[in-house]
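Structure first, commentary second.
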Amino acid sequence: MPLVKSKSKEALSKNIATEIRAGKPPKQAAAIAYSVQREAKKMSKGGDPRLSVSRGEKLPTSQGAGLTEKGRQKFNRATGANLKAPAPNPKTKSDAARKKSFCARMSGMPGPKRDEKGNLTRKAASLKRWNCPGW
């Protein structure tokens with residue numbers, strides 16, 4: 001049975017009981033339940049789910065940076081967010097507004113366009129992928 005991802009005491013107790021019923025020793029069951037509770041607290045505070053290029057959750061800078069569909073789904077599940085795919089060529093007014101907002105927000109971020117090796121930084125690659133003006 002899946003564990004309850006919540007920071008409440010009730011969820012902690014339920015998770016410990018679930019792990020003990022699954023055959024885990026009580027100390028190990030408590031450790032697992034506390035770990036789940038810690039993660040839930042972290043996510044409720046806007047925590048960062050670990051996303052990886054090697055697992056296919058985000059794109060390398062050579063392909064434009066940003067999250068893949070798999071990465072967006074993982075982030076949405078972990079944080080309760082509703083991330084959408086990039087809109088480099090918007091078809092609706094709302095997508096055009098998202099693009100304008102993204103370009104304005106990211107263009108104002110500090111940092112170079114290229115790293116010391118001459119490659120685009122993640123910021124620059126994402127601006128290029130969104131077809132922001134000036135990139």
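Going through the structure tokens in order, the chains are called A, B, and so on, while each chain numbers its residues from 1 and the ligands are numbered from 1 in the order shown.
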Need to verify the contact set: Ala30 of chain A, 10 Å, only C-alpha atoms, exclusion of same-chain residues closer than 2 positions in sequence. Can you return it as a VMD selection string?
chain A and resid 12 to 13 15 to 17 19 to 20 24 to 28 32 to 36
Would you mind listing what lies within 12 Å of segment 87-89 of chain A as a PDB file with C-alpha atoms, in the first residue's frame, with only C-alpha atoms counted and same-chain residues fewer than 3 positions away left out?
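Listed below is the output, result_10.pdb:
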ATOM      1  CA  GLY A  64      17.525  24.161 -25.271  1.00  0.00           C
ATOM      2  CA  GLY A  66      14.016  23.305 -19.784  1.00  0.00           C
ATOM      3  CA  LEU A  83       3.615  23.543 -15.244  1.00  0.00           C
ATOM      4  CA  LYS A  84       2.842  23.715 -18.940  1.00  0.00           C
ATOM      5  CA  THR A  92      -3.578  31.490 -28.142  1.00  0.00           C
ATOM      6  CA  LYS A  93      -3.643  34.802 -26.295  1.00  0.00           C
ATOM      7  CA  SER A  94      -2.892  33.079 -23.004  1.00  0.00           C
ATOM      8  CA  ASP A  95       0.173  31.357 -24.496  1.00  0.00           C
ATOM      9  CA  ALA A  96       1.346  34.681 -25.951  1.00  0.00           C
ATOM     10  CA  ALA A  97       1.004  36.244 -22.496  1.00  0.00           C
ATOM     11  CA  ARG A  98       2.950  33.341 -20.939  1.00  0.00           C
ATOM     12  CA  LYS A  99       5.726  33.788 -23.495  1.00  0.00           C
ATOM     13  CA  LYS A 100       5.889  37.551 -22.922  1.00  0.00           C
ATOM     14  CA  SER A 101       5.985  37.046 -19.143  1.00  0.00           C
ATOM     15  CA  PHE A 102       8.638  34.319 -19.341  1.00  0.00           C
ATOM     16  CA  CYS A 103      10.871  36.342 -21.670  1.00  0.00           C
ATOM     17  CA  SER A 126      15.864  28.468 -22.338  1.00  0.00           C
ATOM     18  CA  LEU A 127      15.476  32.016 -23.705  1.00  0.00           C
ATOM     19  CA  LYS A 128      16.553  30.741 -27.124  1.00  0.00           C
ATOM     20  CA  ARG A 129      14.136  27.780 -26.903  1.00  0.00           C
ATOM     21  CA  TRP A 130      11.237  30.167 -26.148  1.00  0.00           C
ATOM     22  CA  ASN A 131      12.232  32.366 -29.145  1.00  0.00           C
ATOM     23  CA  CYS A 132      12.566  35.405 -26.909  1.00  0.00           C
ATOM     24  CA  PRO A 133      13.507  38.672 -28.653  1.00  0.00           C
TER      25      PRO A 133
END
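Of note, atom CA of Pro2 of chain A and atom CA of Asn82 of chain A are spaced 23.0 Å apart.
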List the spatial neighbours of Lys7 of chain A as a list of chain:residue names - criterion: any atom at most 7 Å away, only C-alpha atoms, same-chain residues fewer than 5 positions off excluded.
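Residues meeting the cut-off are A:Gln37, A:Ala40, A:Lys41.
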Can you list, as number ranges by chain, every protein, DNA or RNA residue that comes within 8 Å of segment 49-56 of chain A when you count only C-alpha atoms, leaving out same-chain residues fewer than 3 positions away?
A: 43, 59-60, 68, 70-71, 74-75, 78-79
Pairwise distance, atom CA of Glu116 of chain A with atom CA of Lys58 of chain A, equals 22.0 Å
All alpha helix (DSSP H) positions in chain A, as an MDAnalysis selection string
chainID A and resid 9:21 26:44 69:79 93:107 122:129
In Å, with one decimal, what is the gap from atom CA of Ser6 of chain A to atom CA of Lys42 of chain A?
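Atom-to-atom, atom CA of Ser6 of chain A and atom CA of Lys42 of chain A are spaced 10.3 Å apart.
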Run DSSP on the backbone of this structure and report the residues of chain A it assigns to strand (DSSP E or B), as a list in words.
Lys58, Leu67, Arg114 and Leu120 of chain A
